[in-house]
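Just data35.txt here, compact mmCIF, C-alpha atoms:
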```
# COMPACT_ATOMS: atom_id res chain seq x y z
CA MET W 637 -15.41 -1.65 31.34
CA LYS W 638 -14.32 -4.07 28.61
CA PHE W 639 -12.28 -2.54 25.80
CA GLY W 640 -11.62 -4.08 22.42
CA LEU W 641 -8.73 -2.63 20.41
CA LEU W 642 -8.17 -2.82 16.65
CA VAL W 643 -4.62 -2.28 15.38
CA ASN W 644 -4.45 -1.66 11.65
CA GLU W 645 -0.76 -0.95 11.13
CA GLY W 646 2.51 -2.76 11.65
CA PRO W 647 5.23 -1.98 14.18
CA TYR W 648 7.49 1.06 13.80
CA THR W 649 6.24 2.41 10.46
CA HIS W 650 3.18 3.93 12.09
CA GLN W 651 2.54 4.96 15.67
CA ALA W 652 -0.70 2.98 15.78
CA SER W 653 0.71 -0.05 17.58
CA ASP W 654 2.46 2.15 20.14
CA SER W 655 -0.68 4.20 20.79
CA ALA W 656 -2.77 1.07 21.20
CA TYR W 657 -0.24 -0.41 23.61
CA GLN W 658 -0.11 2.76 25.75
CA PHE W 659 -3.91 2.88 25.77
CA ALA W 660 -4.03 -0.77 26.85
CA LEU W 661 -1.58 -0.15 29.70
CA ALA W 662 -3.54 2.87 30.92
CA ALA W 663 -6.84 1.00 30.72
CA LEU W 664 -5.46 -1.94 32.68
CA ALA W 665 -3.97 0.41 35.29
CA LYS W 666 -7.45 1.84 35.80
CA GLY W 667 -8.87 -1.61 36.43
CA HIS W 668 -10.54 -2.04 33.04
CA THR W 669 -10.32 -5.22 30.99
CA ILE W 670 -8.89 -5.52 27.50
CA GLN W 671 -11.32 -7.99 25.95
CA ARG W 672 -9.14 -8.47 22.85
CA VAL W 673 -6.57 -6.75 20.66
CA PHE W 674 -7.26 -7.58 17.03
CA PHE W 675 -4.56 -7.05 14.44
CA TYR W 676 -5.67 -6.36 10.85
CA HIS W 677 -4.12 -5.08 7.59
CA ASP W 678 -0.39 -4.59 8.21
CA GLY W 679 -1.17 -4.80 11.92
CA VAL W 680 -0.55 -8.55 11.58
CA ASN W 681 3.15 -7.72 11.37
CA ASN W 682 3.08 -6.96 15.10
CA ALA W 683 2.89 -10.71 15.64
CA THR W 684 6.11 -11.97 14.12
CA ARG W 685 8.83 -13.19 16.45
CA LEU W 686 11.47 -12.39 13.84
CA THR W 687 11.83 -8.67 14.50
CA GLU W 688 15.20 -7.37 15.75
CA PRO W 689 14.83 -3.67 16.51
CA PRO W 690 17.83 -1.69 17.78
CA ARG W 691 18.49 -2.41 21.44
CA ASP W 692 18.10 1.18 22.57
CA ASP W 693 14.52 1.38 21.35
CA ARG W 694 11.32 -0.32 22.39
CA HIS W 695 10.66 -3.88 21.29
CA ILE W 696 7.08 -3.60 20.11
CA VAL W 697 6.42 -7.30 19.53
CA ASN W 698 7.88 -8.36 22.86
CA ARG W 699 5.86 -5.67 24.65
CA TRP W 700 2.64 -7.14 23.29
CA SER W 701 3.74 -10.67 24.24
CA ALA W 702 4.53 -9.47 27.77
CA LEU W 703 1.13 -7.80 28.02
CA ALA W 704 -0.54 -11.04 26.97
CA ALA W 705 1.44 -13.01 29.53
CA GLU W 706 1.00 -10.62 32.45
CA HIS W 707 -2.62 -9.58 31.94
CA LYS W 708 -3.95 -12.48 29.86
CA VAL W 709 -4.83 -10.15 27.01
CA ASP W 710 -6.13 -12.01 23.93
CA LEU W 711 -3.99 -10.98 20.94
CA VAL W 712 -5.61 -12.10 17.70
CA VAL W 713 -4.20 -11.84 14.20
CA CYS W 714 -6.58 -12.02 11.24
CA VAL W 715 -5.88 -15.18 9.25
CA ALA W 716 -6.63 -13.70 5.81
CA ALA W 717 -4.53 -10.57 6.36
CA ALA W 718 -1.78 -12.68 7.92
CA LEU W 719 -1.58 -15.15 5.03
CA ARG W 720 -1.35 -12.28 2.55
CA ARG W 721 1.65 -10.96 4.46
CA GLY W 722 3.40 -14.23 5.30
CA ILE W 723 2.53 -14.30 8.97
CA LYS W 724 2.00 -17.94 9.86
CA GLU W 725 1.99 -20.11 12.99
CA GLU W 726 5.66 -20.91 12.66
CA VAL W 727 6.68 -17.23 13.01
CA LEU W 728 4.16 -16.16 15.66
CA ALA W 729 5.51 -14.48 18.76
CA PRO W 730 4.30 -15.76 22.16
CA GLY W 731 0.85 -14.65 23.19
CA PHE W 732 -0.53 -14.19 19.68
CA ARG W 733 -3.01 -16.48 17.96
CA ILE W 734 -4.31 -16.54 14.40
CA SER W 735 -8.06 -16.54 13.89
CA GLY W 736 -10.83 -15.21 11.65
CA LEU W 737 -12.41 -11.78 11.22
CA GLY W 738 -15.29 -13.09 13.27
CA GLN W 739 -13.15 -12.37 16.33
CA LEU W 740 -13.16 -8.68 15.45
CA VAL W 741 -16.92 -8.66 15.06
CA ASP W 742 -17.17 -10.59 18.32
CA SER W 743 -15.19 -7.79 19.99
CA GLY W 744 -17.52 -5.21 18.54
CA ILE W 745 -20.45 -7.09 20.00
CA LYS W 746 -19.06 -8.15 23.38
CA ALA W 747 -16.73 -5.29 24.36
CA ASP W 748 -18.26 -2.14 25.78
CA ARG W 749 -15.99 -0.03 23.58
CA LEU W 750 -13.98 -0.80 20.44
CA ILE W 751 -11.16 1.65 19.67
CA THR W 752 -9.33 1.65 16.34
CA PHE W 753 -5.67 2.58 15.91
CA GLY W 754 -4.48 2.94 12.34
CA ASP W 755 -3.23 5.21 9.64
CA MET P 148 -27.70 16.31 22.02
CA SER P 149 -26.81 14.53 25.22
CA GLU P 150 -24.35 11.66 25.17
CA GLN P 151 -25.57 8.26 26.22
CA GLN P 152 -23.56 6.78 29.03
CA THR P 153 -23.69 3.02 29.13
CA THR P 154 -22.80 0.98 32.13
CA PRO P 155 -20.75 -2.15 31.52
CA SER P 156 -23.22 -4.92 30.85
CA SER P 157 -23.84 -7.77 28.46
CA GLY P 158 -25.26 -5.13 26.09
CA PRO P 159 -27.65 -5.58 23.16
CA LYS P 160 -27.05 -8.56 20.91
CA VAL P 161 -27.69 -6.60 17.73
CA LYS P 162 -25.49 -3.56 17.51
CA LYS P 163 -25.34 -0.84 14.90
CA PHE P 164 -22.03 -1.21 13.09
CA MET P 165 -20.89 1.54 10.77
CA PHE P 166 -18.01 1.08 8.35
CA VAL P 167 -16.40 4.31 7.25
CA ASN P 168 -14.58 4.22 3.93
CA ARG P 169 -12.37 7.22 3.19
CA LYS P 170 -9.79 5.71 0.89
CA ALA P 171 -9.73 5.06 -2.84
CA PRO P 172 -9.40 1.48 -4.15
CA TYR P 173 -6.20 -0.13 -5.44
CA GLY P 174 -3.74 2.55 -4.29
CA THR P 175 -3.96 0.89 -0.88
CA ILE P 176 -5.56 -2.31 0.42
CA TYR P 177 -7.92 -0.69 2.92
CA ALA P 178 -10.99 -0.67 0.66
CA LEU P 179 -10.69 -4.37 -0.13
CA GLU P 180 -9.92 -5.54 3.39
CA SER P 181 -12.66 -3.38 4.93
CA LEU P 182 -15.18 -5.01 2.60
CA GLU P 183 -14.10 -8.39 3.95
CA VAL P 184 -14.99 -7.22 7.47
CA VAL P 185 -18.37 -5.96 6.26
CA LEU P 186 -19.23 -9.34 4.77
CA ILE P 187 -18.27 -11.18 7.97
CA THR P 188 -20.21 -8.72 10.13
CA ALA P 189 -23.29 -9.30 7.99
CA THR P 190 -23.14 -13.02 8.79
CA PHE P 191 -23.38 -12.11 12.50
CA ASP P 192 -26.80 -10.53 11.83
CA GLN P 193 -25.70 -7.09 12.98
CA ASP P 194 -27.21 -3.83 11.77
CA VAL P 195 -24.63 -2.75 9.18
CA SER P 196 -24.23 0.61 7.46
CA LEU P 197 -21.51 1.58 5.01
CA VAL P 198 -20.50 5.15 4.61
CA PHE P 199 -18.29 6.56 1.85
CA ILE P 200 -16.59 9.87 2.43
CA TYR P 201 -13.75 11.75 0.73
CA ASP P 202 -11.82 9.38 -1.60
CA GLY P 203 -13.90 6.45 -0.34
CA VAL P 204 -16.54 7.42 -2.92
CA TYR P 205 -14.14 6.24 -5.63
CA GLU P 206 -14.59 2.66 -4.36
CA LEU P 207 -18.07 2.68 -5.89
CA VAL P 208 -17.24 4.00 -9.33
CA LYS P 209 -18.56 1.88 -12.22
CA GLY P 210 -16.44 0.26 -14.85
CA GLN P 211 -13.33 -0.67 -12.89
CA GLN P 212 -11.03 -2.68 -15.20
CA THR P 213 -7.96 -3.90 -13.37
CA LYS P 214 -6.34 -6.27 -15.86
CA GLY P 215 -3.72 -3.71 -16.84
CA ILE P 216 -2.44 -3.30 -13.29
CA GLY P 217 -2.55 -7.03 -12.59
CA VAL P 218 -4.69 -6.65 -9.48
CA LYS P 219 -7.95 -8.44 -8.72
CA ASN P 220 -11.04 -6.34 -9.40
CA PHE P 221 -13.07 -6.52 -6.21
CA SER P 222 -15.73 -3.95 -7.13
CA PRO P 223 -18.32 -6.67 -7.97
CA SER P 224 -18.37 -7.40 -4.22
CA TYR P 225 -20.25 -4.14 -3.64
CA ARG P 226 -23.09 -5.51 -5.78
CA ALA P 227 -23.03 -8.75 -3.77
CA LEU P 228 -23.68 -6.89 -0.51
CA GLU P 229 -27.41 -6.89 -1.13
CA GLY P 230 -27.35 -10.69 -0.97
CA TYR P 231 -25.95 -10.37 2.54
CA ASP P 232 -28.73 -7.97 3.55
CA VAL P 233 -26.28 -5.08 3.61
CA GLU P 234 -28.31 -2.42 1.90
CA LYS P 235 -27.56 0.71 3.85
CA LEU P 236 -24.94 2.46 1.76
CA TYR P 237 -24.52 6.17 2.29
CA VAL P 238 -22.38 8.61 0.36
CA ASP P 239 -21.28 12.06 1.46
CA SER P 240 -22.73 14.26 -1.28
CA ALA P 241 -20.03 16.95 -0.94
CA SER P 242 -17.29 14.32 -1.48
CA LEU P 243 -19.03 13.16 -4.65
CA THR P 244 -19.45 16.65 -6.03
CA GLN P 245 -15.87 17.65 -5.24
CA ARG P 246 -14.72 14.75 -7.38
CA GLY P 247 -16.95 15.58 -10.33
CA LEU P 248 -19.10 12.50 -9.74
CA THR P 249 -22.82 11.89 -9.57
CA GLU P 250 -24.94 8.93 -8.48
CA ALA P 251 -25.03 7.83 -12.11
CA ASP P 252 -21.29 7.08 -11.89
CA LEU P 253 -21.76 4.59 -9.09
CA LEU P 254 -22.23 0.86 -9.44
CA VAL P 255 -24.77 0.38 -6.62
CA PRO P 256 -27.74 2.34 -5.32
CA VAL P 257 -26.77 4.64 -2.48
CA GLU P 258 -28.35 7.31 -0.35
CA LEU P 259 -26.72 10.73 -0.54
CA LEU P 260 -26.31 12.56 2.74
CA ASP P 261 -25.07 16.01 3.58
CA ALA P 262 -22.62 16.60 6.43
CA GLN P 263 -25.33 17.24 8.99
CA GLN P 264 -27.22 14.06 8.08
CA MET P 265 -24.00 12.04 8.03
CA GLY P 266 -23.09 13.33 11.47
CA GLU P 267 -26.50 12.37 12.83
CA LEU P 268 -26.22 8.91 11.33
CA MET P 269 -22.79 8.43 12.91
CA ALA P 270 -24.00 9.66 16.29
CA GLY P 271 -26.55 6.85 16.42
CA GLN P 272 -24.05 4.03 15.92
CA ASP P 273 -22.76 1.57 18.53
CA VAL P 274 -19.52 0.62 16.79
CA ILE P 275 -17.70 2.60 14.12
CA LEU P 276 -14.90 0.93 12.21
CA SER P 277 -12.57 2.89 10.02
CA PHE P 278 -9.90 1.41 7.81
CA MET N 457 -19.28 10.41 20.29
CA LEU N 458 -15.55 10.57 20.74
CA HIS N 459 -13.84 11.53 17.49
CA ILE N 460 -10.17 10.61 17.35
CA ILE N 461 -7.88 12.33 14.87
CA ASN N 462 -4.33 11.11 14.39
CA LYS N 463 -3.17 13.01 11.33
CA SER N 464 -1.67 16.42 10.89
CA PRO N 465 -4.23 18.86 9.43
CA PHE N 466 -1.63 19.76 6.84
CA GLN N 467 -1.26 16.17 5.65
CA THR N 468 -4.89 15.22 5.04
CA SER N 469 -8.37 16.62 5.38
CA THR N 470 -9.33 14.18 8.13
CA LEU N 471 -9.85 16.93 10.71
CA ASP N 472 -11.93 18.97 8.26
CA SER N 473 -14.15 15.97 7.47
CA CYS N 474 -14.58 15.30 11.18
CA LEU N 475 -15.43 18.89 12.09
CA ARG N 476 -17.99 19.04 9.27
CA MET N 477 -19.82 16.06 10.70
CA ALA N 478 -19.28 16.10 14.45
CA GLN N 479 -22.46 16.81 16.38
CA PRO N 480 -22.54 19.49 19.09
CA GLY N 481 -21.67 17.99 22.46
CA SER N 482 -19.29 15.39 21.09
CA ALA N 483 -15.59 15.36 21.81
CA VAL N 484 -12.57 15.49 19.53
CA LEU N 485 -9.32 13.96 20.74
CA LEU N 486 -6.13 14.75 18.85
CA ILE N 487 -3.47 12.07 19.08
CA GLU N 488 -0.21 11.22 17.27
CA ASP N 489 0.39 13.71 14.43
CA GLY N 490 -3.11 15.05 14.98
CA VAL N 491 -1.84 17.14 17.90
CA TYR N 492 -0.30 19.66 15.49
CA ALA N 493 -3.84 20.96 14.90
CA ALA N 494 -3.82 22.17 18.52
CA THR N 495 -0.92 24.58 18.07
CA VAL N 496 -1.22 28.38 17.95
CA GLY N 497 -0.25 30.30 14.88
CA SER N 498 -0.97 27.50 12.42
CA ALA N 499 -3.46 27.64 9.56
CA ALA N 500 -5.57 25.08 11.45
CA GLU N 501 -5.99 27.27 14.54
CA GLN N 502 -9.02 29.20 13.36
CA GLY N 503 -10.98 26.05 12.49
CA LEU N 504 -10.18 24.44 15.80
CA ARG N 505 -11.11 27.52 17.84
CA GLN N 506 -14.40 27.64 15.97
CA ALA N 507 -14.98 23.94 16.64
CA SER N 508 -14.28 24.29 20.35
CA THR N 509 -17.36 26.51 20.73
CA THR N 510 -19.62 23.48 20.21
CA LEU N 511 -17.30 20.50 20.72
CA LYS N 512 -14.95 19.58 23.54
CA VAL N 513 -11.45 19.43 22.11
CA TYR N 514 -8.66 17.45 23.74
CA ALA N 515 -5.04 16.75 22.84
CA LEU N 516 -2.92 13.86 24.06
CA GLN N 517 -0.11 15.44 26.04
CA PRO N 518 2.48 12.68 25.59
CA ASP N 519 2.14 13.15 21.82
CA MET N 520 2.48 16.93 22.13
CA ASP N 521 5.52 16.56 24.42
CA ALA N 522 7.13 14.10 22.00
CA ARG N 523 6.78 16.65 19.21
CA GLY N 524 7.98 19.59 21.30
CA VAL N 525 4.79 21.60 20.79
CA THR N 526 3.13 21.53 24.20
CA SER N 527 4.05 25.16 24.88
CA LYS N 528 2.14 26.16 21.74
CA LEU N 529 -1.18 24.69 22.87
CA ILE N 530 -4.25 26.66 21.80
CA ASP N 531 -6.18 27.77 24.89
CA GLY N 532 -9.53 26.04 24.97
CA VAL N 533 -7.94 22.69 24.10
CA THR N 534 -7.59 20.42 27.13
CA LEU N 535 -4.54 18.22 27.58
CA VAL N 536 -5.03 14.62 28.67
CA ASP N 537 -2.66 11.73 29.27
CA TYR N 538 -3.34 8.11 28.27
CA GLY N 539 -5.42 7.69 31.42
CA GLY N 540 -7.51 10.64 30.29
CA PHE N 541 -7.80 9.04 26.84
CA VAL N 542 -9.20 5.93 28.51
CA ASP N 543 -11.62 8.06 30.54
CA LEU N 544 -12.89 9.73 27.37
CA ALA N 545 -13.34 6.37 25.66
CA GLU N 546 -15.31 5.19 28.67
CA LYS N 547 -17.46 8.31 28.84
CA TYR N 548 -18.62 8.37 25.22
CA HIS N 549 -20.79 5.51 23.97
CA THR N 550 -18.97 5.26 20.65
CA SER N 551 -15.58 6.29 19.34
CA HIS N 552 -14.76 7.08 15.74
CA SER N 553 -11.12 7.01 14.71
CA TRP N 554 -10.95 9.05 11.52
CA LEU N 555 -8.33 7.23 9.46
```
This entry written out as structure tokens:
Amino acid sequence: MKFGLLVNEGPYTHQASDSAYQFALAALAKGHTIQRVFFYHDGVNNATRLTEPPRDDRHIVNRWSALAAEHKVDLVVCVAAALRRGIKEEVLAPGFRISGLGQLVDSGIKADRLITFGD
Amino acid sequence: MSEQQTTPSSGPKVKKFMFVNRKAPYGTIYALESLEVVLITATFDQDVSLVFIYDGVYELVKGQQTKGIGVKNFSPSYRALEGYDVEKLYVDSASLTQRGLTEADLLVPVELLDAQQMGELMAGQDVILSF
Amino acid sequence: MLHIINKSPFQTSTLDSCLRMAQPGSAVLLIEDGVYAATVGSAAEQGLRQASTTLKVYALQPDMDARGVTSKLIDGVTLVDYGGFVDLAEKYHTSHSWL
């Protein structure tokens, strides 16, 4: 089955990004595909390479980048939401790309399931 | 009611998308940014419904004047939805009543649904997006 | 329909809204702070027990463990892990995250 995920909140402040990541891992372990992870609202903040969380805690941004690298998961950040929040190409972490809301709709159409994680 | 089980496939090209609005405008950005998704989805020729529940009903209140708070008034966009063929707007009648509102307070025509009807409408959707 | 609730029932009325509208035969999955609704002795217990007569109610165990409330699970609520969450998402045609 192809899953699309929507992440509506940024790293650390809400559990949404963590929950989405754990879901993605479990889905991949079961042999499913993650068609796309779309980041909207403050979720775009999961894409900045500038975060420096404490070393004894999880590195949310790097985890997503690793997921993209290892499983070729498409991580898409909404351009409009990103521009509002100062997330631009020059600060993007590896594995993320900036694109339009059409990519979210595309996920809704092409994925078998679209799960939202937010506040 | 039995649940449909779909097998992974290319699926139908036109899906029923429902957008659930539960948050008031201006206090947070969700109402505005969810409207942006609605408009894009409409351009993909999908079957779009908007549902307003709880504080989401406040998004449709007439007479929003935002100059004093220095924030863009995006409520006219609800009236523009018709031009995008997005005409299915549903409001949870209990949420409206609880807030001392009636249809006359709203800036666009809507259909009022009770909880049972709302639940049935939701059950028939392919994709539900909540913001 | 898989209804996903991530907020404490004492913080918002999300669970109430969901239970008002969920159709018999659908499933409710409590995740994140939503798992507090699945604990015995709370004001939310009655509503959830009532709901579980027509809906299948699940709680995400890792979230309950994190919050130290797994031992207080209401009987009739089924614990699942993230794999179980994925299985539920696969089983039900549509999911609705009540935010």
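Between Thr534 (chain N) and the residues N:Glu501, N:Thr509, N:Asp519, N:Ala494, the shortest atom-to-atom distance, using all atoms listed in the file, involves N:Ala494.
Proximity ranking of P:Val161, P:Gln211, P:Ile200, P:Ser224 relative to chain N places P:Ile200 first, based on all atoms listed in the file.
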Fill in: Residue nearest Thr470 (chain N) among P:Ala270, P:Gln212, P:Ser277, P:Asp192 (counting all atoms listed in the file)
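Looking only at the distances to Thr470 (chain N), the closest residue turns out to be P:Ser277.
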Worksheet entry | Residue nearest Gly679 (chain W) - candidates W:Lys724, W:His650, W:Lys708, W:Arg749, atoms counted: all atoms listed in the file |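 Among the listed residues, the smallest separation from Gly679 (chain W) belongs to W:His650.
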Worksheet item: What does the distance between CA of Thr188 (chain P) and CA of Asn220 (chain P) come to in Å, to one decimal place?
Response: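 Interatomic distance, CA of Thr188 (chain P) to CA of Asn220 (chain P): 21.7 Å.
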Item to complete: Check every residue of chain P for an atom within 12 Å of chain N, counting all atoms listed in the file, and provide those that qualify as an MDAnalysis selection string.
Response: chainID P and resid 148:155 158 162:170 177 199:203 239 241:242 260:278
Practice prompt. Write down, as a ChimeraX atom specification, each residue of chain W that has any atom within 7 Å of an atom of chain N, counting only C-alpha atoms.
Written response: /W:658-659,662-663,749,751-752,754-755
Worksheet entry | Atom-to-atom span, CA of Arg691 (chain W) and CA of Gly731 (chain W), Å |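 Straight-line distance from CA of Arg691 (chain W) to CA of Gly731 (chain W) works out to 21.5 Å.
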Fill in: W:Asn644, W:Thr669, W:Ser655, W:Thr687 ranked by distance to chain P, top pick (using all atoms listed in the file)
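Result for the nearest residue to chain P: W:Asn644.
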Fill in: Between CA of Lys209 (chain P) and CA of Asp252 (chain P), distance in Å (one decimal)
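If I compute the distance from CA of Lys209 (chain P) to CA of Asp252 (chain P), I get 5.9 Å.
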Quick one: contact table of chain W to chain P, 9 Å max, nearest atom pair and distance in Å to one decimal per residue, counting only C-alpha atoms, chain and number order, as a tab-separated table?
```
residue	atom	partner	partner_atom	distance
W:Met637	CA	P:Pro155	CA	5.4
W:Lys638	CA	P:Pro155	CA	7.3
W:Leu642	CA	P:Leu276	CA	8.9
W:Asn644	CA	P:Phe278	CA	7.3
W:Tyr676	CA	P:Glu180	CA	8.6
W:His677	CA	P:Glu180	CA	7.2
W:Ala717	CA	P:Glu180	CA	7.9
W:Leu737	CA	P:Val184	CA	6.4
W:Gly738	CA	P:Ile187	CA	6.4
W:Leu740	CA	P:Val184	CA	8.3
W:Val741	CA	P:Thr188	CA	5.9
W:Asp742	CA	P:Phe191	CA	8.6
W:Gly744	CA	P:Val274	CA	6.4
W:Ile745	CA	P:Lys162	CA	6.6
W:Lys746	CA	P:Ser157	CA	7.0
W:Ala747	CA	P:Ser157	CA	8.6
W:Asp748	CA	P:Pro155	CA	6.3
W:Arg749	CA	P:Val274	CA	7.7
W:Leu750	CA	P:Val274	CA	6.8
W:Ile751	CA	P:Leu276	CA	8.4
W:Thr752	CA	P:Leu276	CA	7.0
W:Gly754	CA	P:Phe278	CA	7.2
W:Asp755	CA	P:Phe278	CA	7.9
```
